[in-house]
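Asks: The structure's right below; bear with me while I get my questions together.
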Amino acid sequence: MSTPQPRVTVRVPAKVNVQLAVGPARPDGFHDLANVFLAVGLHDEVTATPAEELRITCEGPGADQVPLDRGNLAAKAATALAALHGRSDAVHLHIAKNIPVAGGMAGGSADGAAALLACDRLWGTATPRAQLLEICAELGSDVPFSLVGGAALGTGRGERLEPLPVGGTFHWVFALADGGLSTPAVFREFDRLAGPGVPAPTASRALLEALRAGDAKALAAAASNDLQPAALSLFPALADTFAAGTAAGALAALVSGSGPTTAFLAADEPAARAVAAALTASGTCRTVHRTTSPAPGATVTASTLGR
């Protein structure tokens, strides 16, 4: 029997921000955040195999929008890990997309975290978790949470994480818009709309308690996204999607992150099915996904390494 090619596959979740409190712009151009992340059951998979040079391939919805050069966060992750260990970054990273591209659900960040974990396992570099998280923070504000998953409060620009307890399962419907939004453009519009005197961001105690209790109605009442007015300003058609989901019984409607994906919190699975059906029939969005939270972070799901 021939020896199978070394191969490691990592599954990594999308995220929704149930609170995204945004402070004033910092001198470095970022904003301080109080960012309550929930990982949800929409996933990308990244498979790492040996190669003669760094190479990225991609398949799945939106794959034609994914950069296949060294600007991809998966490529940057491989390069950063290789530099840490003084080795070549030659690897083939194949991304199977299911997280919306440019949809405010951290798909690119997820791929970076997945590639980091896949390469660490493939290369046998056994990097301590703390160092992996440091690399994640250098790659981008959402990348550390993609590695960790579950639920967490992100502060700073979102990269400093405090795990949060979650007392139950939350049911979500995500409506994918026909088009994308640039995160920097949304933050610029936030700055324009908010003007001077933006307060320092703080986490909502009511929201954290709703998560701890697993109380969907309380979470819906406390959920908020300071970027939502900016996203709606740049993408006004999202208002029609909001209206369709809310009319169908969603407890809350939010722009996911910087958008333009919209997130609807439902009371339970039957309610989520009803919201999903109504959104699909409404013609206000490109496609609809129904899922739950929380979900685990980046996880090795397949390996031919025998360890």
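Identifiers in this document derive from the order of the structure tokens: chains are assigned A, B, ..., residues are numbered from 1 separately in each chain, and ligands are numbered from 1 in order of occurrence.
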Would you list, as a ChimeraX atom specification, the residues of range 83-272 of chain A that end up in strand (DSSP E or B) under DSSP run on this structure's backbone?
Replies: /A:92-96,149,151-155,160-163,170-176,224-225,252-255,262-266
Asks: Take the residues just selected and output them with N, CA and C atoms as a compact mmCIF listing (two decimals), in the first residue's frame.
Replies:
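See result.txt below for the written result:
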# COMPACT_ATOMS: atom_id res chain seq x y z
N HIS A 92 0.53 23.97 0.26
CA HIS A 92 -0.70 24.19 -0.52
C HIS A 92 -1.86 24.27 0.45
N LEU A 93 -2.55 25.40 0.45
CA LEU A 93 -3.71 25.62 1.30
C LEU A 93 -4.95 25.67 0.41
N HIS A 94 -5.84 24.71 0.61
CA HIS A 94 -7.08 24.68 -0.17
C HIS A 94 -8.22 25.08 0.75
N ILE A 95 -8.96 26.12 0.35
CA ILE A 95 -10.05 26.67 1.16
C ILE A 95 -11.37 26.24 0.55
N ALA A 96 -12.18 25.57 1.34
CA ALA A 96 -13.55 25.23 0.95
C ALA A 96 -14.48 26.21 1.65
N GLY A 149 -13.28 30.42 19.19
CA GLY A 149 -14.68 30.04 19.06
C GLY A 149 -15.47 30.22 20.34
N ALA A 151 -17.88 31.78 22.75
CA ALA A 151 -18.34 33.15 22.95
C ALA A 151 -17.23 33.90 23.68
N ALA A 152 -17.05 35.17 23.34
CA ALA A 152 -15.98 35.94 23.98
C ALA A 152 -16.27 37.42 23.85
N LEU A 153 -15.75 38.17 24.80
CA LEU A 153 -15.74 39.63 24.72
C LEU A 153 -14.37 40.04 24.18
N GLY A 154 -14.40 40.75 23.06
CA GLY A 154 -13.17 41.26 22.48
C GLY A 154 -13.02 42.74 22.77
N THR A 155 -11.88 43.14 23.32
CA THR A 155 -11.60 44.55 23.58
C THR A 155 -10.35 44.96 22.81
N ARG A 160 -8.20 41.27 21.94
CA ARG A 160 -7.99 40.82 23.32
C ARG A 160 -9.27 40.15 23.80
N LEU A 161 -9.20 38.85 24.07
CA LEU A 161 -10.41 38.06 24.28
C LEU A 161 -10.58 37.62 25.72
N GLU A 162 -11.81 37.71 26.19
CA GLU A 162 -12.21 37.15 27.48
C GLU A 162 -13.34 36.16 27.21
N PRO A 163 -13.11 34.85 27.42
CA PRO A 163 -14.17 33.87 27.17
C PRO A 163 -15.41 34.17 28.00
N PHE A 170 -28.62 29.14 20.87
CA PHE A 170 -29.36 30.22 20.21
C PHE A 170 -29.56 29.87 18.74
N HIS A 171 -30.73 30.21 18.22
CA HIS A 171 -31.11 29.87 16.84
C HIS A 171 -31.05 31.12 15.96
N TRP A 172 -30.33 31.00 14.86
CA TRP A 172 -30.07 32.15 14.00
C TRP A 172 -30.48 31.85 12.55
N VAL A 173 -30.86 32.92 11.86
CA VAL A 173 -31.04 32.87 10.42
C VAL A 173 -30.21 34.00 9.84
N PHE A 174 -29.38 33.68 8.86
CA PHE A 174 -28.53 34.68 8.21
C PHE A 174 -28.98 34.87 6.77
N ALA A 175 -29.23 36.11 6.41
CA ALA A 175 -29.63 36.46 5.05
C ALA A 175 -28.44 37.10 4.34
N LEU A 176 -28.00 36.49 3.27
CA LEU A 176 -26.83 36.97 2.54
C LEU A 176 -27.28 37.94 1.46
N SER A 224 -26.94 44.75 20.01
CA SER A 224 -26.77 46.03 19.32
C SER A 224 -25.51 46.01 18.47
N ASN A 225 -25.50 46.86 17.47
CA ASN A 225 -24.34 46.99 16.58
C ASN A 225 -24.20 48.45 16.18
N ALA A 252 -34.89 39.54 16.97
CA ALA A 252 -33.97 40.65 16.75
C ALA A 252 -33.42 40.55 15.34
N ALA A 253 -33.10 41.71 14.78
CA ALA A 253 -32.47 41.78 13.46
C ALA A 253 -31.25 42.67 13.58
N LEU A 254 -30.12 42.16 13.14
CA LEU A 254 -28.85 42.87 13.25
C LEU A 254 -28.07 42.78 11.95
N VAL A 255 -27.33 43.82 11.64
CA VAL A 255 -26.26 43.66 10.65
C VAL A 255 -25.16 42.85 11.32
N THR A 262 -27.24 40.01 7.12
CA THR A 262 -28.11 40.35 8.24
C THR A 262 -28.40 39.10 9.05
N ALA A 263 -28.45 39.27 10.36
CA ALA A 263 -28.61 38.16 11.30
C ALA A 263 -29.93 38.32 12.03
N PHE A 264 -30.70 37.23 12.08
CA PHE A 264 -32.00 37.24 12.75
C PHE A 264 -31.98 36.20 13.86
N LEU A 265 -32.25 36.63 15.08
CA LEU A 265 -32.32 35.74 16.23
C LEU A 265 -33.75 35.26 16.39
N ALA A 266 -33.93 33.94 16.47
CA ALA A 266 -35.26 33.35 16.60
C ALA A 266 -35.42 32.70 17.97
Asks: Do a neighbour search on Val16 in chain A at 8 Å with only C-alpha atoms, toss out local chain neighbours closer than 4 positions, and write the hits as a PyMOL selection string.
Replies: chain A and resi 37-40+105+256-257+263
Asks: Write a file of the just-selected residues containing C-alpha atoms, as a CSV table (one decimal), in the first residue's frame.
Replies:
chain,number,residue,atom,x,y,z
A,37,PHE,CA,-18.5,37.4,19.6
A,38,LEU,CA,-20.6,34.3,19.1
A,39,ALA,CA,-19.3,31.5,16.9
A,40,VAL,CA,-22.0,30.0,14.7
A,105,MET,CA,-19.0,37.1,9.4
A,256,SER,CA,-23.6,41.0,11.2
A,257,GLY,CA,-20.3,42.9,11.9
A,263,ALA,CA,-28.6,38.2,11.3
Asks: Enumerate the residues of range 153-291 of chain A with a DSSP assignment of helix (DSSP H, G or I), computed from the backbone, and present them as a PyMOL selection string.
Replies: chain A and resi 183-194+205-213+216-222+228-234+238-247+269-282
Asks: Quick one: distance from CA of Ala239 in chain A to CA of Leu251 in chain A in Å, one decimal?
Replies: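 Separation of CA of Ala239 in chain A and CA of Leu251 in chain A: 15.9 Å.
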Asks: Neighbouring residues of Trp123 in chain A were defined as those with any atom within 12 Å, considering only C-alpha atoms; residues of the same chain fewer than 6 positions away were excluded. Please report them as an MDAnalysis selection string.
Replies: chainID A and resid 6:8 48:51 78 81:82 85:91 115:117 305 307
Asks: Determine, counting only C-alpha atoms, which protein, DNA and RNA residues have an atom within 12 Å of an atom of range 230-236 of chain A; residues of the same chain fewer than 2 positions away are not included. Present the result as a PDB file with N, CA, C and O atoms, in the first residue's frame.
Replies:
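What ended up in part26.pdb:
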ATOM      1  N   VAL A  22     -18.619  50.630  19.409  1.00  0.00           N
ATOM      2  CA  VAL A  22     -17.471  51.214  18.720  1.00  0.00           C
ATOM      3  C   VAL A  22     -17.116  52.549  19.355  1.00  0.00           C
ATOM      4  O   VAL A  22     -17.970  53.432  19.494  1.00  0.00           O
ATOM      5  N   GLY A 103     -18.986  39.364   3.965  1.00  0.00           N
ATOM      6  CA  GLY A 103     -20.328  39.415   4.528  1.00  0.00           C
ATOM      7  C   GLY A 103     -20.397  39.827   5.973  1.00  0.00           C
ATOM      8  O   GLY A 103     -21.463  39.752   6.589  1.00  0.00           O
ATOM      9  N   GLY A 104     -19.267  40.224   6.577  1.00  0.00           N
ATOM     10  CA  GLY A 104     -19.300  40.635   7.975  1.00  0.00           C
ATOM     11  C   GLY A 104     -19.347  39.472   8.954  1.00  0.00           C
ATOM     12  O   GLY A 104     -19.703  39.656  10.119  1.00  0.00           O
ATOM     13  N   ALA A 177     -26.701  39.116   1.480  1.00  0.00           N
ATOM     14  CA  ALA A 177     -27.069  40.156   0.516  1.00  0.00           C
ATOM     15  C   ALA A 177     -26.418  39.888  -0.835  1.00  0.00           C
ATOM     16  O   ALA A 177     -25.420  39.164  -0.944  1.00  0.00           O
ATOM     17  N   ASP A 178     -26.984  40.483  -1.842  1.00  0.00           N
ATOM     18  CA  ASP A 178     -26.420  40.382  -3.186  1.00  0.00           C
ATOM     19  C   ASP A 178     -25.426  41.524  -3.360  1.00  0.00           C
ATOM     20  O   ASP A 178     -25.739  42.578  -3.888  1.00  0.00           O
ATOM     21  N   GLY A 179     -24.213  41.301  -2.867  1.00  0.00           N
ATOM     22  CA  GLY A 179     -23.177  42.330  -2.892  1.00  0.00           C
ATOM     23  C   GLY A 179     -22.393  42.297  -1.604  1.00  0.00           C
ATOM     24  O   GLY A 179     -22.712  41.532  -0.690  1.00  0.00           O
ATOM     25  N   GLY A 180     -21.370  43.123  -1.514  1.00  0.00           N
ATOM     26  CA  GLY A 180     -20.518  43.148  -0.333  1.00  0.00           C
ATOM     27  C   GLY A 180     -20.360  44.554   0.210  1.00  0.00           C
ATOM     28  O   GLY A 180     -20.802  45.526  -0.395  1.00  0.00           O
ATOM     29  N   LEU A 181     -19.735  44.642   1.370  1.00  0.00           N
ATOM     30  CA  LEU A 181     -19.392  45.929   1.967  1.00  0.00           C
ATOM     31  C   LEU A 181     -17.948  45.871   2.437  1.00  0.00           C
ATOM     32  O   LEU A 181     -17.516  44.872   3.011  1.00  0.00           O
ATOM     33  N   SER A 182     -17.232  46.963   2.229  1.00  0.00           N
ATOM     34  CA  SER A 182     -15.861  47.082   2.702  1.00  0.00           C
ATOM     35  C   SER A 182     -15.861  47.492   4.167  1.00  0.00           C
ATOM     36  O   SER A 182     -16.471  48.510   4.536  1.00  0.00           O
ATOM     37  N   THR A 183     -15.192  46.711   5.018  1.00  0.00           N
ATOM     38  CA  THR A 183     -15.127  47.057   6.438  1.00  0.00           C
ATOM     39  C   THR A 183     -14.537  48.451   6.660  1.00  0.00           C
ATOM     40  O   THR A 183     -15.104  49.245   7.428  1.00  0.00           O
ATOM     41  N   PRO A 184     -13.403  48.818   6.022  1.00  0.00           N
ATOM     42  CA  PRO A 184     -12.898  50.188   6.222  1.00  0.00           C
ATOM     43  C   PRO A 184     -13.904  51.255   5.804  1.00  0.00           C
ATOM     44  O   PRO A 184     -14.025  52.292   6.463  1.00  0.00           O
ATOM     45  N   ALA A 185     -14.649  51.006   4.734  1.00  0.00           N
ATOM     46  CA  ALA A 185     -15.644  51.983   4.287  1.00  0.00           C
ATOM     47  C   ALA A 185     -16.755  52.139   5.317  1.00  0.00           C
ATOM     48  O   ALA A 185     -17.238  53.258   5.564  1.00  0.00           O
ATOM     49  N   VAL A 186     -17.168  51.037   5.937  1.00  0.00           N
ATOM     50  CA  VAL A 186     -18.219  51.111   6.955  1.00  0.00           C
ATOM     51  C   VAL A 186     -17.724  51.885   8.172  1.00  0.00           C
ATOM     52  O   VAL A 186     -18.456  52.706   8.737  1.00  0.00           O
ATOM     53  N   PHE A 187     -16.480  51.657   8.579  1.00  0.00           N
ATOM     54  CA  PHE A 187     -15.950  52.418   9.711  1.00  0.00           C
ATOM     55  C   PHE A 187     -15.819  53.907   9.364  1.00  0.00           C
ATOM     56  O   PHE A 187     -16.078  54.766  10.213  1.00  0.00           O
ATOM     57  N   ARG A 188     -15.433  54.220   8.140  1.00  0.00           N
ATOM     58  CA  ARG A 188     -15.375  55.640   7.745  1.00  0.00           C
ATOM     59  C   ARG A 188     -16.761  56.278   7.805  1.00  0.00           C
ATOM     60  O   ARG A 188     -16.916  57.420   8.252  1.00  0.00           O
ATOM     61  N   GLU A 189     -17.769  55.534   7.365  1.00  0.00           N
ATOM     62  CA  GLU A 189     -19.137  56.058   7.419  1.00  0.00           C
ATOM     63  C   GLU A 189     -19.605  56.188   8.867  1.00  0.00           C
ATOM     64  O   GLU A 189     -20.318  57.148   9.215  1.00  0.00           O
ATOM     65  N   PHE A 190     -19.199  55.255   9.728  1.00  0.00           N
ATOM     66  CA  PHE A 190     -19.502  55.380  11.160  1.00  0.00           C
ATOM     67  C   PHE A 190     -18.927  56.685  11.693  1.00  0.00           C
ATOM     68  O   PHE A 190     -19.615  57.437  12.403  1.00  0.00           O
ATOM     69  N   ASP A 191     -17.658  56.956  11.381  1.00  0.00           N
ATOM     70  CA  ASP A 191     -17.024  58.191  11.865  1.00  0.00           C
ATOM     71  C   ASP A 191     -17.781  59.422  11.368  1.00  0.00           C
ATOM     72  O   ASP A 191     -17.987  60.388  12.118  1.00  0.00           O
ATOM     73  N   ARG A 192     -18.216  59.374  10.106  1.00  0.00           N
ATOM     74  CA  ARG A 192     -18.931  60.521   9.541  1.00  0.00           C
ATOM     75  C   ARG A 192     -20.278  60.724  10.236  1.00  0.00           C
ATOM     76  O   ARG A 192     -20.636  61.851  10.601  1.00  0.00           O
ATOM     77  N   LEU A 193     -21.011  59.630  10.440  1.00  0.00           N
ATOM     78  CA  LEU A 193     -22.335  59.738  11.044  1.00  0.00           C
ATOM     79  C   LEU A 193     -22.269  60.072  12.529  1.00  0.00           C
ATOM     80  O   LEU A 193     -23.107  60.821  13.045  1.00  0.00           O
ATOM     81  N   ALA A 194     -21.281  59.500  13.236  1.00  0.00           N
ATOM     82  CA  ALA A 194     -21.204  59.680  14.684  1.00  0.00           C
ATOM     83  C   ALA A 194     -20.690  61.055  15.074  1.00  0.00           C
ATOM     84  O   ALA A 194     -21.081  61.609  16.114  1.00  0.00           O
ATOM     85  N   ASN A 225     -25.497  46.864  17.467  1.00  0.00           N
ATOM     86  CA  ASN A 225     -24.342  46.994  16.580  1.00  0.00           C
ATOM     87  C   ASN A 225     -24.202  48.454  16.184  1.00  0.00           C
ATOM     88  O   ASN A 225     -25.018  48.981  15.411  1.00  0.00           O
ATOM     89  N   ASP A 226     -23.187  49.123  16.712  1.00  0.00           N
ATOM     90  CA  ASP A 226     -22.989  50.540  16.414  1.00  0.00           C
ATOM     91  C   ASP A 226     -22.666  50.800  14.947  1.00  0.00           C
ATOM     92  O   ASP A 226     -22.783  51.941  14.480  1.00  0.00           O
ATOM     93  N   LEU A 227     -22.239  49.766  14.217  1.00  0.00           N
ATOM     94  CA  LEU A 227     -21.948  49.940  12.790  1.00  0.00           C
ATOM     95  C   LEU A 227     -23.194  49.819  11.917  1.00  0.00           C
ATOM     96  O   LEU A 227     -23.131  50.074  10.708  1.00  0.00           O
ATOM     97  N   GLN A 228     -24.306  49.436  12.520  1.00  0.00           N
ATOM     98  CA  GLN A 228     -25.506  49.177  11.717  1.00  0.00           C
ATOM     99  C   GLN A 228     -25.992  50.413  10.950  1.00  0.00           C
ATOM    100  O   GLN A 228     -26.294  50.309   9.750  1.00  0.00           O
ATOM    101  N   LEU A 238     -30.761  46.817   2.674  1.00  0.00           N
ATOM    102  CA  LEU A 238     -30.812  45.936   3.846  1.00  0.00           C
ATOM    103  C   LEU A 238     -32.058  46.188   4.689  1.00  0.00           C
ATOM    104  O   LEU A 238     -32.521  45.294   5.403  1.00  0.00           O
ATOM    105  N   ALA A 239     -32.610  47.390   4.622  1.00  0.00           N
ATOM    106  CA  ALA A 239     -33.815  47.698   5.398  1.00  0.00           C
ATOM    107  C   ALA A 239     -34.973  46.791   4.989  1.00  0.00           C
ATOM    108  O   ALA A 239     -35.798  46.398   5.839  1.00  0.00           O
ATOM    109  N   ASP A 240     -35.067  46.443   3.713  1.00  0.00           N
ATOM    110  CA  ASP A 240     -36.140  45.560   3.254  1.00  0.00           C
ATOM    111  C   ASP A 240     -35.950  44.149   3.813  1.00  0.00           C
ATOM    112  O   ASP A 240     -36.926  43.473   4.169  1.00  0.00           O
ATOM    113  N   THR A 241     -34.695  43.695   3.905  1.00  0.00           N
ATOM    114  CA  THR A 241     -34.419  42.379   4.482  1.00  0.00           C
ATOM    115  C   THR A 241     -34.785  42.377   5.958  1.00  0.00           C
ATOM    116  O   THR A 241     -35.392  41.424   6.463  1.00  0.00           O
ATOM    117  N   PHE A 242     -34.413  43.435   6.668  1.00  0.00           N
ATOM    118  CA  PHE A 242     -34.793  43.566   8.082  1.00  0.00           C
ATOM    119  C   PHE A 242     -36.305  43.447   8.250  1.00  0.00           C
ATOM    120  O   PHE A 242     -36.804  42.715   9.118  1.00  0.00           O
ATOM    121  N   LEU A 254     -30.119  42.156  13.136  1.00  0.00           N
ATOM    122  CA  LEU A 254     -28.852  42.871  13.249  1.00  0.00           C
ATOM    123  C   LEU A 254     -28.073  42.776  11.951  1.00  0.00           C
ATOM    124  O   LEU A 254     -28.131  41.750  11.264  1.00  0.00           O
ATOM    125  N   VAL A 255     -27.329  43.815  11.636  1.00  0.00           N
ATOM    126  CA  VAL A 255     -26.261  43.656  10.652  1.00  0.00           C
ATOM    127  C   VAL A 255     -25.157  42.852  11.325  1.00  0.00           C
ATOM    128  O   VAL A 255     -24.799  43.110  12.477  1.00  0.00           O
ATOM    129  N   SER A 256     -24.638  41.859  10.639  1.00  0.00           N
ATOM    130  CA  SER A 256     -23.555  41.047  11.198  1.00  0.00           C
ATOM    131  C   SER A 256     -22.229  41.757  10.970  1.00  0.00           C
ATOM    132  O   SER A 256     -21.791  41.922   9.825  1.00  0.00           O
ATOM    133  N   GLY A 257     -21.602  42.200  12.059  1.00  0.00           N
ATOM    134  CA  GLY A 257     -20.332  42.919  11.944  1.00  0.00           C
ATOM    135  C   GLY A 257     -20.493  44.179  11.120  1.00  0.00           C
ATOM    136  O   GLY A 257     -21.372  45.007  11.369  1.00  0.00           O
ATOM    137  N   SER A 258     -19.664  44.313  10.080  1.00  0.00           N
ATOM    138  CA  SER A 258     -19.742  45.474   9.193  1.00  0.00           C
ATOM    139  C   SER A 258     -20.687  45.232   8.025  1.00  0.00           C
ATOM    140  O   SER A 258     -20.835  46.084   7.161  1.00  0.00           O
ATOM    141  N   GLY A 259     -21.351  44.065   8.000  1.00  0.00           N
ATOM    142  CA  GLY A 259     -22.318  43.766   6.953  1.00  0.00           C
ATOM    143  C   GLY A 259     -21.648  43.289   5.666  1.00  0.00           C
ATOM    144  O   GLY A 259     -20.427  43.145   5.603  1.00  0.00           O
ATOM    145  N   PRO A 260     -22.517  43.043   4.658  1.00  0.00           N
ATOM    146  CA  PRO A 260     -23.958  43.310   4.601  1.00  0.00           C
ATOM    147  C   PRO A 260     -24.837  42.115   4.964  1.00  0.00           C
ATOM    148  O   PRO A 260     -26.041  42.172   4.772  1.00  0.00           O
ATOM    149  N   THR A 261     -24.269  41.008   5.478  1.00  0.00           N
ATOM    150  CA  THR A 261     -25.114  39.917   5.937  1.00  0.00           C
ATOM    151  C   THR A 261     -25.956  40.388   7.120  1.00  0.00           C
ATOM    152  O   THR A 261     -25.462  41.104   7.999  1.00  0.00           O
ATOM    153  N   THR A 262     -27.235  40.006   7.119  1.00  0.00           N
ATOM    154  CA  THR A 262     -28.107  40.350   8.236  1.00  0.00           C
ATOM    155  C   THR A 262     -28.401  39.096   9.047  1.00  0.00           C
ATOM    156  O   THR A 262     -28.563  38.002   8.503  1.00  0.00           O
ATOM    157  N   THR A 284     -35.633  39.563  -0.944  1.00  0.00           N
ATOM    158  CA  THR A 284     -34.806  40.684  -0.475  1.00  0.00           C
ATOM    159  C   THR A 284     -33.352  40.292  -0.226  1.00  0.00           C
ATOM    160  O   THR A 284     -32.558  41.128   0.197  1.00  0.00           O
TER     161      THR A 284
END
Asks: So, counting only C-alpha atoms, which residue among A:Val66, A:Ala276, A:Val36, A:Leu219 is closest to Thr202 in chain A?
Replies: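 Checking each of A:Val66, A:Ala276, A:Val36, A:Leu219 against Thr202 in chain A, counting only C-alpha atoms, the winner is A:Val36.
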Asks: Which is closest to Gly197 in chain A among A:Ala25, A:Asn17, A:Lys76, A:Leu33, if we use only C-alpha atoms?
Replies: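 Of the candidates, the smallest distance to Gly197 in chain A is held by A:Ala25.
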Asks: Using only C-alpha atoms, which of the listed residues (A:Ala21, A:Leu164, A:Ala83, A:Ala302) sits closest to Arg212 in chain A?
Replies: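 Using only C-alpha atoms, the shortest distance to Arg212 in chain A belongs to A:Leu164.
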Asks: Find the residues around Ser141 in chain A up to 7 Å (only C-alpha atoms counted), leave out those fewer than 6 positions away in its own chain, and share them as a PyMOL selection string.
Replies: chain A and resi 157-159
Asks: CA of Ser293 in chain A to CA of Gly41 in chain A: how many Å, to one decimal?
Replies: 6.3 Å
Asks: Would you list the contacts of Lys217 in chain A as a list in words, taking every protein, DNA or RNA residue within 12 Å and counting only C-alpha atoms, but skipping same-chain residues closer than 3 positions in sequence?
Replies: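 Non-adjacent residues within range: Phe170, His171, Ala206, Leu207, Glu209, Ala210, Leu211, Ala213, Gly214, Ala220, Ala221, Ala222, Ala223, Gly249, Ala250, Leu251, Ala252, Leu265, Ala266, Ala267 and Asp268 of chain A.
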Asks: Go ahead and save the residues from that selection, with C-alpha atoms, as a JSON list (two decimals), in the first residue's frame.
Replies:
[["chain", "number", "residue", "atom", "x", "y", "z"],
["A", 170, "PHE", "CA", -29.36, 30.22, 20.21],
["A", 171, "HIS", "CA", -31.11, 29.87, 16.84],
["A", 206, "ALA", "CA", -27.73, 42.77, 30.39],
["A", 207, "LEU", "CA", -26.39, 41.13, 27.24],
["A", 209, "GLU", "CA", -26.29, 37.93, 31.55],
["A", 210, "ALA", "CA", -28.62, 36.92, 28.70],
["A", 211, "LEU", "CA", -25.81, 34.83, 27.20],
["A", 213, "ALA", "CA", -28.71, 32.38, 31.04],
["A", 214, "GLY", "CA", -29.28, 31.18, 27.48],
["A", 220, "ALA", "CA", -32.60, 40.07, 21.56],
["A", 221, "ALA", "CA", -33.50, 43.01, 23.78],
["A", 222, "ALA", "CA", -29.86, 43.76, 24.57],
["A", 223, "ALA", "CA", -28.19, 43.05, 21.20],
["A", 249, "GLY", "CA", -41.29, 36.75, 13.90],
["A", 250, "ALA", "CA", -37.55, 37.24, 14.45],
["A", 251, "LEU", "CA", -36.80, 38.42, 17.97],
["A", 252, "ALA", "CA", -33.97, 40.65, 16.75],
["A", 265, "LEU", "CA", -32.32, 35.74, 16.23],
["A", 266, "ALA", "CA", -35.26, 33.35, 16.60],
["A", 267, "ALA", "CA", -36.94, 31.99, 19.71],
["A", 268, "ASP", "CA", -36.41, 28.33, 18.78]]
